[in-house]
$ cat protein05.txt   # compact mmCIF, C-alpha atoms
# COMPACT_ATOMS: atom_id res chain seq x y z
CA MET L 266 11.10 24.54 -27.15
CA THR L 267 11.77 23.84 -23.48
CA ASP L 268 9.40 25.16 -20.82
CA ASN L 269 10.65 26.23 -17.40
CA THR L 270 9.33 25.90 -13.86
CA ASP L 271 10.68 25.71 -10.34
CA VAL L 272 9.87 22.04 -9.69
CA VAL L 273 8.69 19.12 -11.78
CA ILE L 274 6.88 16.32 -9.96
CA VAL L 275 6.74 12.91 -11.60
CA GLY L 276 3.48 11.24 -10.58
CA ALA L 277 0.06 12.47 -9.39
CA GLY L 278 -0.48 10.05 -6.53
CA PHE L 279 -0.80 11.20 -2.94
CA ALA L 280 2.93 11.86 -2.49
CA GLY L 281 3.19 13.95 -5.65
CA LEU L 282 0.03 15.99 -5.13
CA ILE L 283 0.80 16.69 -1.47
CA ALA L 284 4.27 17.90 -2.46
CA ALA L 285 2.75 20.07 -5.21
CA ARG L 286 0.16 21.56 -2.87
CA GLU L 287 2.69 22.40 -0.18
CA LEU L 288 5.20 23.88 -2.63
CA GLY L 289 2.49 26.06 -4.14
CA ARG L 290 1.61 27.38 -0.71
CA LYS L 291 5.23 28.46 -0.33
CA GLY L 292 5.17 30.31 -3.63
CA ILE L 293 7.11 27.67 -5.55
CA ASN L 294 5.82 26.79 -9.02
CA ALA L 295 5.38 23.04 -9.49
CA VAL L 296 4.22 21.13 -12.56
CA VAL L 297 2.92 17.59 -12.01
CA LEU L 298 3.38 15.05 -14.82
CA GLU L 299 1.15 11.96 -14.63
CA ALA L 300 1.44 9.02 -17.01
CA ARG L 301 -2.12 7.81 -16.44
CA ASP L 302 -5.37 9.44 -17.50
CA ARG L 303 -6.33 9.96 -13.86
CA ILE L 304 -4.82 11.13 -10.59
CA GLY L 305 -4.32 8.88 -7.58
CA GLY L 306 -1.65 6.37 -8.58
CA ARG L 307 -2.21 3.10 -6.72
CA THR L 308 -5.29 4.56 -5.05
CA TRP L 309 -8.17 4.32 -7.47
CA THR L 310 -11.91 4.51 -6.83
CA ASP L 311 -13.81 3.05 -9.79
CA HIS L 312 -17.51 2.32 -10.30
CA ARG L 313 -17.89 -1.44 -10.72
CA LEU L 314 -20.39 -4.09 -9.66
CA GLY L 315 -22.91 -1.33 -8.94
CA HIS L 316 -20.70 0.39 -6.35
CA ASP L 317 -17.77 2.75 -6.10
CA LEU L 318 -15.01 0.26 -5.27
CA GLU L 319 -11.46 0.83 -4.12
CA ILE L 320 -9.39 -0.94 -6.77
CA GLY L 321 -6.25 0.17 -4.96
CA GLY L 322 -5.72 1.84 -1.57
CA THR L 323 -8.71 1.70 0.75
CA TRP L 324 -8.58 1.74 4.53
CA VAL L 325 -7.87 4.67 6.82
CA HIS L 326 -7.67 5.13 10.56
CA TRP L 327 -7.15 7.78 13.23
CA THR L 328 -3.82 6.15 14.16
CA GLN L 329 -2.58 7.23 10.71
CA PRO L 330 -1.72 10.83 11.62
CA HIS L 331 -1.09 12.35 8.20
CA THR L 332 -4.14 10.78 6.58
CA TRP L 333 -6.43 11.69 9.45
CA ALA L 334 -5.26 15.30 9.38
CA GLU L 335 -6.15 15.49 5.67
CA ILE L 336 -9.53 13.86 6.26
CA THR L 337 -10.21 16.48 8.93
CA ARG L 338 -8.89 19.30 6.74
CA TYR L 339 -11.38 18.48 3.98
CA GLY L 340 -14.29 17.45 6.19
CA LEU L 341 -14.64 13.95 4.76
CA GLY L 342 -16.78 11.22 6.29
CA VAL L 343 -15.51 7.81 7.39
CA THR L 344 -17.52 4.60 7.51
CA ARG L 345 -16.97 0.84 7.63
CA GLY L 346 -18.30 -2.31 6.03
CA PRO L 347 -20.86 -4.59 7.70
CA ARG L 348 -19.75 -6.49 10.78
CA ALA L 349 -19.25 -10.18 10.14
CA GLU L 350 -21.95 -12.45 11.56
CA GLU L 351 -20.19 -15.65 10.46
CA THR L 352 -16.55 -16.65 10.13
CA TYR L 353 -14.92 -19.57 8.33
CA TRP L 354 -11.44 -21.06 8.65
CA LEU L 355 -9.55 -24.23 7.83
CA ALA L 356 -8.20 -27.00 10.04
CA GLY L 357 -6.45 -29.16 7.50
CA ASP L 358 -9.06 -29.77 4.80
CA GLU L 359 -11.92 -29.25 7.25
CA VAL L 360 -13.89 -26.02 7.09
CA ARG L 361 -14.87 -24.70 10.50
CA LYS L 362 -17.48 -22.07 11.20
CA GLY L 363 -18.02 -19.72 14.10
CA GLY L 364 -18.30 -16.10 15.15
CA THR L 365 -15.81 -13.25 14.91
CA GLU L 366 -14.61 -13.91 18.44
CA ASP L 367 -13.73 -17.49 17.47
CA ILE L 368 -11.39 -16.57 14.66
CA MET L 369 -9.82 -13.71 16.60
CA SER L 370 -9.15 -15.96 19.58
CA LEU L 371 -7.67 -18.52 17.18
CA ILE L 372 -5.04 -16.13 15.85
CA ASP L 373 -4.43 -14.17 19.05
CA PRO L 374 -1.80 -16.45 20.69
CA GLY L 375 0.29 -16.64 17.53
CA MET L 376 0.01 -12.93 16.79
CA THR L 377 0.89 -12.02 20.36
CA ARG L 378 3.99 -14.23 20.40
CA LEU L 379 5.09 -13.19 16.91
CA LEU L 380 4.93 -9.48 17.74
CA GLU L 381 5.97 -9.44 21.40
CA ASP L 382 9.33 -7.78 20.62
CA THR L 383 7.85 -4.99 18.53
CA THR L 384 8.92 -2.10 20.74
CA LYS L 385 12.36 -3.65 21.31
CA TRP L 386 13.20 -3.42 17.62
CA ILE L 387 11.01 -0.45 16.58
CA PRO L 388 10.64 1.74 19.69
CA ARG L 389 9.50 4.67 17.53
CA PRO L 390 7.96 4.06 14.09
CA ASP L 391 8.99 7.52 12.86
CA THR L 392 12.66 6.51 13.22
CA PRO L 393 12.61 2.89 12.00
CA LEU L 394 16.41 2.56 11.88
CA ALA L 395 17.03 3.78 15.42
CA VAL L 396 18.14 0.43 16.90
CA PRO L 397 21.81 -0.10 15.91
CA ASP L 398 21.66 -3.89 15.54
CA LEU L 399 18.34 -3.95 13.65
CA SER L 400 19.95 -5.92 10.82
CA GLU L 401 20.06 -8.95 13.15
CA ILE L 402 16.29 -9.31 12.98
CA ASP L 403 15.90 -7.85 9.48
CA GLN L 404 17.35 -11.02 7.98
CA TYR L 405 14.20 -13.03 8.81
CA SER L 406 10.97 -13.47 6.88
CA VAL L 407 7.51 -13.56 8.43
CA GLN L 408 7.34 -17.24 7.50
CA GLU L 409 10.53 -18.10 9.35
CA MET L 410 9.32 -16.36 12.49
CA LEU L 411 5.89 -17.99 12.31
CA ASP L 412 7.48 -21.42 11.87
CA LYS L 413 9.43 -20.93 15.10
CA LEU L 414 6.15 -20.72 17.03
CA ASN L 415 5.15 -24.35 16.31
CA LEU L 416 1.48 -23.47 16.02
CA SER L 417 -1.27 -26.04 15.54
CA GLU L 418 -2.39 -26.51 11.94
CA ASP L 419 -5.53 -24.39 12.19
CA GLU L 420 -3.67 -21.66 14.14
CA LYS L 421 -0.90 -21.63 11.55
CA ASN L 422 -3.36 -21.48 8.63
CA ALA L 423 -5.27 -18.61 10.22
CA ASN L 424 -2.16 -16.61 11.14
CA GLU L 425 -0.67 -17.10 7.69
CA ALA L 426 -3.91 -16.06 6.02
CA ALA L 427 -4.12 -12.96 8.20
CA TRP L 428 -0.64 -11.89 7.13
CA VAL L 429 -1.38 -12.58 3.46
CA GLY L 430 -4.35 -10.24 3.84
CA HIS L 431 -2.03 -7.61 5.28
CA PHE L 432 1.01 -8.15 3.07
CA ASN L 433 -0.39 -9.44 -0.26
CA ALA L 434 2.57 -11.75 -0.83
CA PRO L 435 4.07 -15.16 -0.06
CA LEU L 436 5.19 -14.88 3.56
CA SER L 437 8.57 -16.47 2.82
CA GLU L 438 9.38 -13.31 0.85
CA CYS L 439 8.07 -10.77 3.40
CA SER L 440 10.39 -9.14 5.90
CA TYR L 441 9.54 -9.79 9.53
CA ILE L 442 10.52 -6.18 10.12
CA SER L 443 7.52 -5.10 8.05
CA ALA L 444 5.23 -6.86 10.54
CA LEU L 445 6.99 -5.11 13.42
CA ARG L 446 6.78 -1.73 11.70
CA TRP L 447 3.03 -2.02 11.10
CA THR L 448 2.50 -3.01 14.73
CA ALA L 449 4.79 -0.27 16.04
CA ALA L 450 2.72 2.26 14.08
CA ALA L 451 -0.29 0.99 16.05
CA ALA L 452 1.43 1.53 19.41
CA GLY L 453 2.58 -2.09 19.60
CA HIS L 454 -0.90 -3.63 19.66
CA TRP L 455 -1.74 -6.18 16.97
CA HIS L 456 -5.52 -5.82 17.41
CA LEU L 457 -5.20 -2.08 16.74
CA MET L 458 -2.87 -2.75 13.80
CA HIS L 459 -5.45 -5.11 12.31
CA GLU L 460 -8.21 -2.53 12.74
CA ALA L 461 -6.08 0.32 11.38
CA SER L 462 -5.26 -1.55 8.18
CA ALA L 463 -8.52 -3.25 7.31
CA ILE L 464 -11.74 -1.74 8.65
CA TYR L 465 -12.55 1.94 8.04
CA ARG L 466 -12.90 3.68 4.67
CA LEU L 467 -13.99 7.04 3.32
CA VAL L 468 -17.74 7.37 2.75
CA ASP L 469 -17.40 8.48 -0.86
CA GLY L 470 -14.10 6.75 -1.61
CA THR L 471 -10.46 7.72 -1.67
CA ARG L 472 -11.21 9.73 -4.82
CA THR L 473 -12.72 12.41 -2.58
CA LEU L 474 -9.48 12.85 -0.67
CA ILE L 475 -7.15 12.80 -3.66
CA GLN L 476 -9.42 15.17 -5.58
CA SER L 477 -9.62 17.56 -2.62
CA ILE L 478 -5.83 17.70 -2.51
CA ALA L 479 -5.61 18.16 -6.30
CA ASN L 480 -8.08 21.05 -6.11
CA ASP L 481 -5.66 22.86 -3.81
CA VAL L 482 -2.67 22.41 -6.12
CA GLN L 483 -1.82 25.79 -7.61
CA GLY L 484 0.37 24.49 -10.41
CA GLU L 485 -0.51 22.49 -13.50
CA ILE L 486 -1.36 18.77 -13.38
CA ILE L 487 -0.78 17.24 -16.80
CA LEU L 488 -2.30 13.79 -17.40
CA ASN L 489 -1.41 11.24 -20.10
CA SER L 490 2.19 12.43 -19.87
CA PRO L 491 4.62 9.62 -19.10
CA VAL L 492 8.16 10.79 -18.40
CA THR L 493 10.61 9.33 -20.92
CA SER L 494 13.90 10.76 -19.62
CA ILE L 495 15.45 12.97 -16.95
CA THR L 496 18.83 14.64 -17.38
CA HIS L 497 20.20 16.43 -14.33
CA ASP L 498 23.21 18.47 -13.23
CA SER L 499 24.06 20.79 -10.37
CA ASP L 500 22.00 23.61 -11.90
CA GLY L 501 18.76 21.69 -12.40
CA ALA L 502 17.16 19.04 -14.58
CA GLU L 503 15.48 18.64 -17.93
CA VAL L 504 12.50 16.30 -18.10
CA THR L 505 11.22 14.88 -21.37
CA TYR L 506 7.62 13.64 -21.35
CA GLY L 507 4.65 12.74 -23.49
CA ASP L 508 5.37 13.04 -27.22
CA GLY L 509 8.76 14.67 -26.74
CA LYS L 510 7.89 17.79 -24.79
CA ARG L 511 10.59 19.12 -22.50
CA ILE L 512 10.55 21.10 -19.30
CA ARG L 513 13.44 22.48 -17.27
CA ALA L 514 13.27 22.81 -13.48
CA GLN L 515 15.53 23.64 -10.55
CA ARG L 516 14.34 20.49 -8.76
CA VAL L 517 12.55 17.26 -9.67
CA VAL L 518 10.46 15.05 -7.39
CA ILE L 519 10.24 11.38 -8.41
CA THR L 520 7.31 9.53 -6.86
CA VAL L 521 7.19 6.31 -8.89
CA PRO L 522 6.82 2.97 -7.06
CA GLN L 523 9.96 1.10 -6.03
CA ASN L 524 9.53 -1.64 -8.64
CA ILE L 525 9.70 0.69 -11.64
CA LEU L 526 12.29 3.23 -10.49
CA HIS L 527 15.08 1.37 -12.29
CA GLN L 528 13.15 1.64 -15.56
CA LEU L 529 13.38 5.44 -15.68
CA ASP L 530 15.95 6.84 -18.10
CA ILE L 531 17.97 9.09 -15.77
CA THR L 532 21.31 10.68 -16.69
CA PRO L 533 23.63 10.58 -14.79
CA PRO L 534 22.27 7.30 -13.39
CA LEU L 535 21.01 6.93 -9.83
CA PRO L 536 23.25 5.48 -7.10
CA GLU L 537 23.39 1.70 -6.66
CA ASN L 538 21.49 1.77 -3.35
CA LYS L 539 18.51 3.38 -5.08
CA ILE L 540 18.52 1.07 -8.08
CA ARG L 541 19.22 -2.18 -6.20
CA PRO L 542 15.91 -2.35 -4.24
CA SER L 543 14.04 -1.61 -7.47
CA LEU L 544 15.77 -4.52 -9.19
CA GLU L 545 15.16 -6.80 -6.19
CA LYS L 546 11.52 -5.64 -6.13
CA THR L 547 9.13 -5.51 -3.23
CA ALA L 548 7.65 -8.68 -1.78
CA SER L 549 4.06 -7.63 -2.55
CA GLN L 550 2.82 -9.43 -5.65
CA GLY L 551 -0.69 -10.54 -4.81
CA VAL L 552 -4.28 -9.89 -5.79
CA LYS L 553 -7.23 -7.89 -4.55
CA ALA L 554 -10.51 -9.29 -5.86
CA TRP L 555 -13.92 -7.64 -5.84
CA ILE L 556 -16.77 -10.14 -6.10
CA ARG L 557 -20.53 -9.59 -6.39
CA VAL L 558 -22.56 -12.61 -5.19
CA ARG L 559 -26.29 -13.25 -5.18
CA GLY L 560 -28.02 -12.48 -1.89
CA PRO L 561 -29.29 -12.27 0.61
CA ILE L 562 -26.39 -13.66 2.66
CA LYS L 563 -25.13 -12.94 6.14
CA PRO L 564 -21.98 -10.84 6.19
CA PHE L 565 -19.00 -13.11 6.76
CA PHE L 566 -15.25 -13.23 7.14
CA ALA L 567 -13.08 -16.14 6.00
CA TYR L 568 -9.45 -17.26 6.31
CA SER L 569 -7.98 -20.18 4.36
CA SER L 570 -4.18 -20.33 4.13
CA GLN L 571 -1.42 -18.74 2.12
CA HIS L 572 -1.44 -21.74 -0.23
CA HIS L 573 -4.88 -20.90 -1.63
CA PRO L 574 -5.60 -18.40 -4.44
CA LEU L 575 -7.64 -16.33 -1.98
CA ALA L 576 -6.40 -16.39 1.60
CA VAL L 577 -8.87 -13.85 2.98
CA VAL L 578 -12.41 -12.92 1.93
CA ARG L 579 -14.95 -10.72 3.63
CA THR L 580 -18.22 -8.91 2.96
CA GLU L 581 -17.71 -5.23 2.23
CA PHE L 582 -21.15 -4.10 0.92
CA MET L 583 -24.66 -5.49 1.41
CA GLY L 584 -27.84 -5.10 -0.66
CA ASP L 585 -31.27 -6.69 -0.47
CA ASP L 586 -30.47 -9.26 -3.12
CA TYR L 587 -26.68 -9.14 -3.39
CA ALA L 588 -23.45 -8.74 -1.46
CA ILE L 589 -20.04 -7.51 -2.55
CA LEU L 590 -17.00 -9.32 -1.20
CA VAL L 591 -13.37 -8.29 -1.19
CA GLY L 592 -10.65 -10.93 -1.19
CA PHE L 593 -6.86 -11.08 -1.09
CA GLY L 594 -4.37 -13.67 -2.29
CA PRO L 595 -0.57 -13.87 -2.19
CA ASP L 596 0.25 -14.50 -5.85
CA SER L 597 -1.20 -12.74 -8.89
CA THR L 598 -0.16 -15.64 -11.12
CA LYS L 599 -2.44 -18.01 -9.19
CA LEU L 600 -5.73 -16.18 -9.79
CA ASP L 601 -7.16 -14.07 -12.60
CA VAL L 602 -9.38 -11.65 -10.69
CA THR L 603 -11.25 -10.79 -13.90
CA ASP L 604 -12.31 -14.45 -14.42
CA ALA L 605 -15.61 -15.15 -12.65
CA LYS L 606 -15.21 -18.93 -12.97
CA ALA L 607 -11.74 -18.90 -11.42
CA VAL L 608 -12.93 -16.67 -8.58
CA THR L 609 -15.93 -18.96 -7.98
CA GLU L 610 -13.58 -21.93 -7.63
CA ALA L 611 -11.41 -19.97 -5.21
CA LEU L 612 -14.42 -19.28 -2.97
CA LYS L 613 -15.30 -22.98 -2.79
CA VAL L 614 -12.54 -23.63 -0.30
CA TRP L 615 -15.06 -22.28 2.25
CA ARG L 616 -18.49 -22.27 0.62
CA GLU L 617 -20.25 -24.02 -2.24
CA ASP L 618 -23.40 -21.91 -1.91
CA LEU L 619 -22.08 -18.55 -3.17
CA GLU L 620 -23.31 -17.64 -6.64
CA VAL L 621 -20.87 -15.24 -8.27
CA GLU L 622 -22.66 -12.72 -10.50
CA GLU L 623 -19.73 -10.54 -11.50
CA VAL L 624 -16.11 -9.79 -10.57
CA GLY L 625 -14.23 -6.51 -10.76
CA GLY L 626 -10.59 -6.87 -9.82
CA TYR L 627 -7.46 -5.41 -11.39
CA ASP L 628 -3.98 -6.85 -11.93
CA TRP L 629 -1.60 -4.32 -10.46
CA MET L 630 1.41 -6.49 -11.21
CA SER L 631 0.88 -5.97 -14.94
CA ASP L 632 0.22 -2.24 -14.59
CA PRO L 633 3.18 -0.57 -16.33
CA TYR L 634 3.23 2.31 -13.84
CA ALA L 635 3.05 0.17 -10.69
CA GLN L 636 4.20 -3.45 -11.10
CA GLU L 637 3.47 -3.92 -7.41
CA THR L 638 0.57 -3.60 -4.99
CA TRP L 639 1.24 -1.88 -1.67
CA GLN L 640 4.88 -2.00 -0.66
CA ILE L 641 6.11 -4.77 1.62
CA GLN L 642 9.87 -5.13 1.95
CA ARG L 643 11.88 -8.30 1.57
CA PRO L 644 14.23 -9.42 4.35
CA GLY L 645 17.19 -7.06 4.62
CA GLN L 646 15.79 -4.28 2.46
CA LEU L 647 14.95 -1.87 5.28
CA THR L 648 18.41 -1.81 6.85
CA LYS L 649 20.25 -1.93 3.52
CA TYR L 650 18.30 0.63 1.52
CA HIS L 651 15.84 2.73 3.51
CA GLN L 652 18.12 5.69 4.12
CA ALA L 653 19.41 5.69 0.55
CA GLN L 654 15.88 5.51 -0.85
CA GLN L 655 14.96 8.70 1.00
CA GLU L 656 18.10 10.66 0.15
CA ASN L 657 18.35 13.19 -2.66
CA THR L 658 20.51 12.62 -5.71
CA GLY L 659 21.68 16.13 -6.50
CA VAL L 660 18.60 18.08 -7.60
CA LEU L 661 16.47 14.92 -7.69
CA HIS L 662 14.19 14.30 -4.69
CA PHE L 663 12.18 11.16 -3.94
CA ALA L 664 8.71 10.96 -2.39
CA SER L 665 6.76 7.72 -2.04
CA ALA L 666 4.80 5.63 0.42
CA ASP L 667 7.30 2.90 -0.43
CA HIS L 668 10.01 4.50 1.69
CA ALA L 669 8.00 6.44 4.27
CA ASN L 670 8.86 6.09 7.94
CA ILE L 671 5.65 5.40 9.86
CA TRP L 672 3.02 3.74 7.63
CA ALA L 673 5.16 2.68 4.69
CA GLY L 674 3.03 1.42 1.82
CA PHE L 675 -0.09 3.26 3.04
CA ILE L 676 -1.77 6.47 1.93
CA ASP L 677 -0.46 7.90 5.20
CA GLY L 678 3.11 7.10 4.21
CA ALA L 679 2.65 8.80 0.84
CA ILE L 680 1.35 11.96 2.53
CA GLU L 681 4.21 11.89 5.06
CA SER L 682 6.78 11.56 2.29
CA GLY L 683 5.23 14.31 0.19
CA LEU L 684 5.21 16.71 3.13
CA GLN L 685 8.84 16.01 4.00
CA THR L 686 9.96 16.40 0.40
CA ALA L 687 8.22 19.75 0.02
CA LEU L 688 9.94 21.02 3.15
CA ASP L 689 13.29 19.79 1.88
CA ILE L 690 12.88 21.44 -1.52
CA HIS L 691 11.77 24.72 0.04
CA ALA L 692 14.85 24.69 2.27
CA HIS L 693 17.14 24.06 -0.70
CA LEU L 694 15.58 26.76 -2.86
CA GLN L 695 15.84 29.27 -0.03
CA GLN L 696 19.59 28.83 0.17
CA PRO L 697 21.54 31.73 -1.38
CA SER L 698 23.35 31.02 -4.62
CA MET L 699 27.11 30.39 -4.40
CA ALA L 700 27.66 32.27 -7.65

$ encode --input "protein05.txt" --output "structure tokens"
Amino acid sequence: MTDNTDVVIVGAGFAGLIAARELGRKGINAVVLEARDRIGGRTWTDHRLGHDLEIGGTWVHWTQPHTWAEITRYGLGVTRGPRAEETYWLAGDEVRKGGTEDIMSLIDPGMTRLLEDTTKWIPRPDTPLAVPDLSEIDQYSVQEMLDKLNLSEDEKNANEAAWVGHFNAPLSECSYISALRWTAAAAGHWHLMHEASAIYRLVDGTRTLIQSIANDVQGEIILNSPVTSITHDSDGAEVTYGDGKRIRAQRVVITVPQNILHQLDITPPLPENKIRPSLEKTASQGVKAWIRVRGPIKPFFAYSSQHHPLAVVRTEFMGDDYAILVGFGPDSTKLDVTDAKAVTEALKVWREDLEVEEVGGYDWMSDPYAQETWQIQRPGQLTKYHQAQQENTGVLHFASADHANIWAGFIDGAIESGLQTALDIHAHLQQPSMA
């Protein structure tokens, strides 16, 4: 037996649940199918190391317009981690120590020079393809542009580590345009971009925001229901999911991450410019490590370089006799974030005195429904594929942070994409039939 509904949404992350909520408000029936046993997608608040930790998406900011509107809508509180009292960085093999102002002044000249043409290439982040000759600069990686600056060794290490923290990937594989887009979203100011992407978080975790949205969804959210095939024609689509159940809809919204889109069984197949970026994959392939160490310690912030398993580490929670650190590295194959001994060794690039009690990371690259962390494009992908990634394929619509306009790869981008898709579907369903 085949069930029927107006819209089927594949995925219960922010993009899918926002689309479902908005469609329901317009009187359109939407069923959400989620492969996992939880909502949220790549945002996931889990209780580990004695705290509710953000295993996936974390930081929010008032310069992220869609996210901040939702935070305001649901009356959620925002906080931040402890301010660093010590900072560490590398000059060659030498570990240097100072205050926050020291490390910020170290990276400032390089960041300023690297990003000085932000508004030339991305004058408005909501229309990232507006400059006709954007492909000229889209061919370069972050690494190539950093190398042109001829920075001193410690400046280069610190700048590279900062970008690994932002992009979660080897910088030779990250599009320079991604750096410009993040900065353009922060009004062209790198200090604001850094703050917007790494400082403030929800008091009770991202679960409070995603659950608030889910509570407002009028249609059904079905967990543990991976989609196995989608067959579509001009009249609608049939979606097979779970243990062979089928549902027919006028429209389907696909919200899966870029890296797994090509794995979906879709008939007729998707256009080449949708499949190609999925086959090429995003640049992001790194790690996010949660680490509980014995205290008391002073809160600290540390940069190494992109050649270390952890390029960035900082204190995120403090207790009387412990601290919880969060760290980022460019390559998931270089560090097992569930291995306390390996993480301890990674921390020794800065400090020998930290006693690791427990670790609580997660390997997103091996997650069958993600196979990526947050989206960072490779050189050329924006100008080649962005428009095609957003476009409909017949009755199939696509919503994801991976191809949002303003804060691509962020919760904000997912919300933006979900809102736009809901508007698009409503407009299509309002059109009179040609029969």

$ closest_atom_pairs --input "protein05.txt" --of "range 499-591 of chain L" --to "range 397-421 of chain L" --cutoff "12 Å" --atoms "only C-alpha atoms" --output "JSON lines"
{"residue": "L:Ala548", "atom": "CA", "partner": "L:Ser406", "partner_atom": "CA", "distance": 10.4}
{"residue": "L:Tyr568", "atom": "CA", "partner": "L:Asp419", "partner_atom": "CA", "distance": 10.0}
{"residue": "L:Ser569", "atom": "CA", "partner": "L:Asp419", "partner_atom": "CA", "distance": 9.2}
{"residue": "L:Ser570", "atom": "CA", "partner": "L:Lys421", "partner_atom": "CA", "distance": 8.2}
{"residue": "L:Gln571", "atom": "CA", "partner": "L:Lys421", "partner_atom": "CA", "distance": 9.9}
{"residue": "L:His572", "atom": "CA", "partner": "L:Lys421", "partner_atom": "CA", "distance": 11.8}

$ write_last_selection --input "protein05.txt" --atoms "C-alpha atoms" --output "CSV table (one decimal), in the coordinates of the input"
chain,number,residue,atom,x,y,z
L,548,ALA,CA,7.6,-8.7,-1.8
L,568,TYR,CA,-9.4,-17.3,6.3
L,569,SER,CA,-8.0,-20.2,4.4
L,570,SER,CA,-4.2,-20.3,4.1
L,571,GLN,CA,-1.4,-18.7,2.1
L,572,HIS,CA,-1.4,-21.7,-0.2

$ closest_residue --input "protein05.txt" --among "L:Thr383, L:Asn489, L:Thr473, L:Thr267" --to "Asp302 in chain L" --atoms "all atoms listed in the file"
L:Asn489

$ residues_around --input "protein05.txt" --residues "range 611-627 of chain L" --least-positions-apart "4" --cutoff "7 Å" --atoms "only C-alpha atoms" --output "list of chain:residue names"
L:Arg313, L:Leu314, L:Ile320, L:Tyr353, L:Val360, L:Lys553, L:Ala554, L:Trp555, L:Ile556, L:Arg557, L:Val558, L:Arg559, L:Pro574, L:Leu575, L:Val602, L:Thr603, L:Ala605, L:Ala607

$ atom_distance --input "protein05.txt" --atom1 "CA of Asn657 in chain L" --atom2 "CA of Arg446 in chain L"
23.7 Å

$ atom_distance --input "protein05.txt" --atom1 "CA of Phe593 in chain L" --atom2 "CA of Ala567 in chain L"
10.7 Å

$ closest_residue --input "protein05.txt" --among "L:Gly276, L:Gly289, L:Gly321, L:Pro534" --to "Ala687 in chain L" --atoms "only C-alpha atoms"
L:Gly289

$ residues_around --input "protein05.txt" --residues "Gln640 in chain L" --least-positions-apart "2" --cutoff "9 Å" --atoms "all atoms listed in the file" --output "NGL selection string"
:L and (432 or 522-523 or 547-549 or 637-638 or 642 or 666-668 or 673-675)

$ closest_residue --input "protein05.txt" --among "L:Ala300, L:Ala427, L:Met583, L:Ala669" --to "Arg345 in chain L" --atoms "all atoms listed in the file"
L:Met583

$ residues_around --input "protein05.txt" --residues "Glu381 in chain L" --least-positions-apart "6" --cutoff "12 Å" --atoms "only C-alpha atoms" --output "list in words"
Asp373, Pro374, Gly375, Ile387, Met410, Ala444, Leu445, Thr448, Ala449, Gly453, His454 and Trp455 of chain L

$ residues_around --input "protein05.txt" --residues "Glu460 in chain L" --least-positions-apart "3" --cutoff "10 Å" --atoms "only C-alpha atoms" --output "VMD selection string"
chain L and resid 324 to 326 328 451 455 to 457 463 to 465

$ atom_distance --input "protein05.txt" --atom1 "CA of Val578 in chain L" --atom2 "CA of Lys599 in chain L"
15.8 Å

$ axis_aligned_box --input "protein05.txt" --around "range 309-328 of chain L" --padding-each-side "8 Å" --output "AutoDock Vina command-line options"
--center_x -13.4 --center_y 1.8 --center_z 1.7 --size_x 35.1 --size_y 27.9 --size_z 40.9

$ closest_residue --input "protein05.txt" --among "L:Thr344, L:Val552, L:Lys546, L:Val577" --to "Trp428 in chain L" --atoms "only C-alpha atoms"
L:Val577

$ closest_residue --input "protein05.txt" --among "L:Asp508, L:Asp632, L:Glu425, L:Glu503" --to "Gly594 in chain L" --atoms "all atoms listed in the file"
L:Glu425

$ closest_residue --input "protein05.txt" --among "L:Arg378, L:Leu590, L:Glu287, L:Val343" --to "Asp469 in chain L" --atoms "all atoms listed in the file"
L:Val343

$ residues_around --input "protein05.txt" --residues "Gly484 in chain L" --least-positions-apart "3" --cutoff "8 Å" --atoms "all atoms listed in the file" --output "list in words"
Ala285, Gly289, Asn294, Ala295, Val296 and Val297 of chain L

$ build_atoms --input "protein05.txt" --residues "range 332-337 of chain L" --atoms "N, CA, C and O atoms" --output "PDB file, in the coordinates of the input"
ATOM      1  N   THR L 332      -2.868  10.998   7.272  1.00  0.00           N
ATOM      2  CA  THR L 332      -4.140  10.780   6.580  1.00  0.00           C
ATOM      3  C   THR L 332      -5.289  11.404   7.355  1.00  0.00           C
ATOM      4  O   THR L 332      -6.166  12.068   6.773  1.00  0.00           O
ATOM      5  N   TRP L 333      -5.305  11.188   8.664  1.00  0.00           N
ATOM      6  CA  TRP L 333      -6.430  11.690   9.450  1.00  0.00           C
ATOM      7  C   TRP L 333      -6.462  13.219   9.464  1.00  0.00           C
ATOM      8  O   TRP L 333      -7.542  13.830   9.433  1.00  0.00           O
ATOM      9  N   ALA L 334      -5.290  13.840   9.454  1.00  0.00           N
ATOM     10  CA  ALA L 334      -5.260  15.300   9.380  1.00  0.00           C
ATOM     11  C   ALA L 334      -5.862  15.794   8.070  1.00  0.00           C
ATOM     12  O   ALA L 334      -6.597  16.794   8.046  1.00  0.00           O
ATOM     13  N   GLU L 335      -5.591  15.081   6.962  1.00  0.00           N
ATOM     14  CA  GLU L 335      -6.150  15.490   5.670  1.00  0.00           C
ATOM     15  C   GLU L 335      -7.654  15.236   5.614  1.00  0.00           C
ATOM     16  O   GLU L 335      -8.407  16.037   5.038  1.00  0.00           O
ATOM     17  N   ILE L 336      -8.092  14.137   6.197  1.00  0.00           N
ATOM     18  CA  ILE L 336      -9.530  13.860   6.260  1.00  0.00           C
ATOM     19  C   ILE L 336     -10.243  14.969   7.032  1.00  0.00           C
ATOM     20  O   ILE L 336     -11.310  15.461   6.633  1.00  0.00           O
ATOM     21  N   THR L 337      -9.638  15.398   8.133  1.00  0.00           N
ATOM     22  CA  THR L 337     -10.210  16.480   8.930  1.00  0.00           C
ATOM     23  C   THR L 337     -10.160  17.798   8.171  1.00  0.00           C
ATOM     24  O   THR L 337     -11.128  18.572   8.178  1.00  0.00           O
TER      25      THR L 337
END
